[in-house]
Amino acid sequence: MRARKATDEQLRHRDALEKEIRQREADKIQREAWRLDAIDRARAQLAPPVGVTGKRPRKRGPPPKYPWDDMEAKTYQLMGYHGPFSADDPVWDAQARLEEKLLKFCYDKTGREPSIGSLRTHLKPWLETWRFREA
């Protein structure tokens, strides 16, 4: 009789374990569903609105006086070619050499050049981006 009682207790224990396993599996599935839902919400926030292409929206007002996008590309080209400024290199010893080349590039392209202050305002984030890419 005692063996029968132990068997009933074992069955109850087994049923409780199976129930806990099913509950853990259900919890795991629920957590995965929440995770996927959070990913979908994040992607929806990052995605452009329906009907909008990935291109930049048109800027209003007159076009810029200077080809800033071309000058940014030229900055990356020159920095990639010469590397970081070095006191040992007389051709590329300071940011001023880069500024001179960019002003000449702009003058050759448009027949005019921006003020040095305007150029430096644009140049600062370009150099930070270049340093970040190089790191």
# chains A, B, ... in the order shown; residues from 1 in each chain; ligands from 1
>>> residues_around(residues="Met79 of chain A", least_positions_apart="5", cutoff="10 Å", atoms="only C-alpha atoms", output="JSON, numbers by chain")
{"A": [73, 74, 84, 85, 92, 98, 127, 130, 131]}
>>> atom_distance(atom1="atom CA of Ser118 of chain A", atom2="atom CA of Asp69 of chain A")
14.0 Å
>>> closest_residue(among="A:Glu72, A:Asp37, A:Glu100, A:Glu20", to="Thr129 of chain A", atoms="only C-alpha atoms")
A:Glu72
>>> atom_distance(atom1="atom CA of Arg120 of chain A", atom2="atom CA of Pro62 of chain A")
22.0 Å
>>> select_by_dssp(residues="segment 9-70 of chain A", states="helix (DSSP H, G or I)", output="ChimeraX atom specification")
/A:9-46,68-70
>>> closest_residue(among="A:Ile21, A:Ala33, A:Cys106, A:Ile116", to="Met71 of chain A", atoms="only C-alpha atoms")
A:Cys106
>>> atom_distance(atom1="atom CA of Glu134 of chain A", atom2="atom CA of Phe105 of chain A")
23.7 Å
>>> decode(residues="segment 72-119 of chain A", atoms="C-alpha atoms", output="compact mmCIF listing (two decimals), in the first residue's frame")
# COMPACT_ATOMS: atom_id res chain seq x y z
CA GLU A 72 32.87 67.85 -47.74
CA ALA A 73 33.72 65.07 -50.20
CA LYS A 74 36.96 66.88 -51.09
CA THR A 75 37.81 67.10 -47.36
CA TYR A 76 37.45 63.33 -46.96
CA GLN A 77 39.48 62.78 -50.13
CA LEU A 78 42.33 65.04 -48.97
CA MET A 79 42.33 63.67 -45.42
CA GLY A 80 42.32 60.13 -46.78
CA TYR A 81 45.24 60.90 -49.05
CA HIS A 82 47.39 62.92 -46.61
CA GLY A 83 46.25 61.41 -43.30
CA PRO A 84 46.23 63.33 -40.00
CA PHE A 85 48.08 66.63 -39.75
CA SER A 86 51.71 66.19 -38.77
CA ALA A 87 54.29 68.78 -37.74
CA ASP A 88 56.91 66.66 -39.55
CA ASP A 89 55.13 67.11 -42.91
CA PRO A 90 55.55 70.65 -44.31
CA VAL A 91 52.83 70.04 -46.92
CA TRP A 92 50.27 68.83 -44.38
CA ASP A 93 51.34 70.29 -41.04
CA ALA A 94 48.13 72.04 -39.95
CA GLN A 95 44.42 72.44 -40.61
CA ALA A 96 45.30 75.67 -42.44
CA ARG A 97 46.71 73.61 -45.34
CA LEU A 98 43.39 71.83 -45.71
CA GLU A 99 41.52 75.15 -45.52
CA GLU A 100 43.73 76.61 -48.27
CA LYS A 101 43.07 73.64 -50.55
CA LEU A 102 39.32 73.79 -49.90
CA LEU A 103 39.17 77.54 -50.59
CA LYS A 104 41.08 77.02 -53.85
CA PHE A 105 38.79 74.11 -54.77
CA CYS A 106 35.71 76.27 -54.13
CA TYR A 107 37.14 79.21 -56.09
CA ASP A 108 38.00 76.96 -59.04
CA LYS A 109 34.49 75.52 -59.01
CA THR A 110 32.39 78.68 -58.44
CA GLY A 111 34.66 81.67 -58.92
CA ARG A 112 34.25 82.72 -55.30
CA GLU A 113 35.14 81.40 -51.86
CA PRO A 114 33.45 81.44 -48.45
CA SER A 115 34.81 83.33 -45.47
CA ILE A 116 37.30 81.42 -43.35
CA GLY A 117 34.85 81.47 -40.43
CA SER A 118 32.09 79.94 -42.54
CA LEU A 119 34.47 77.31 -43.85
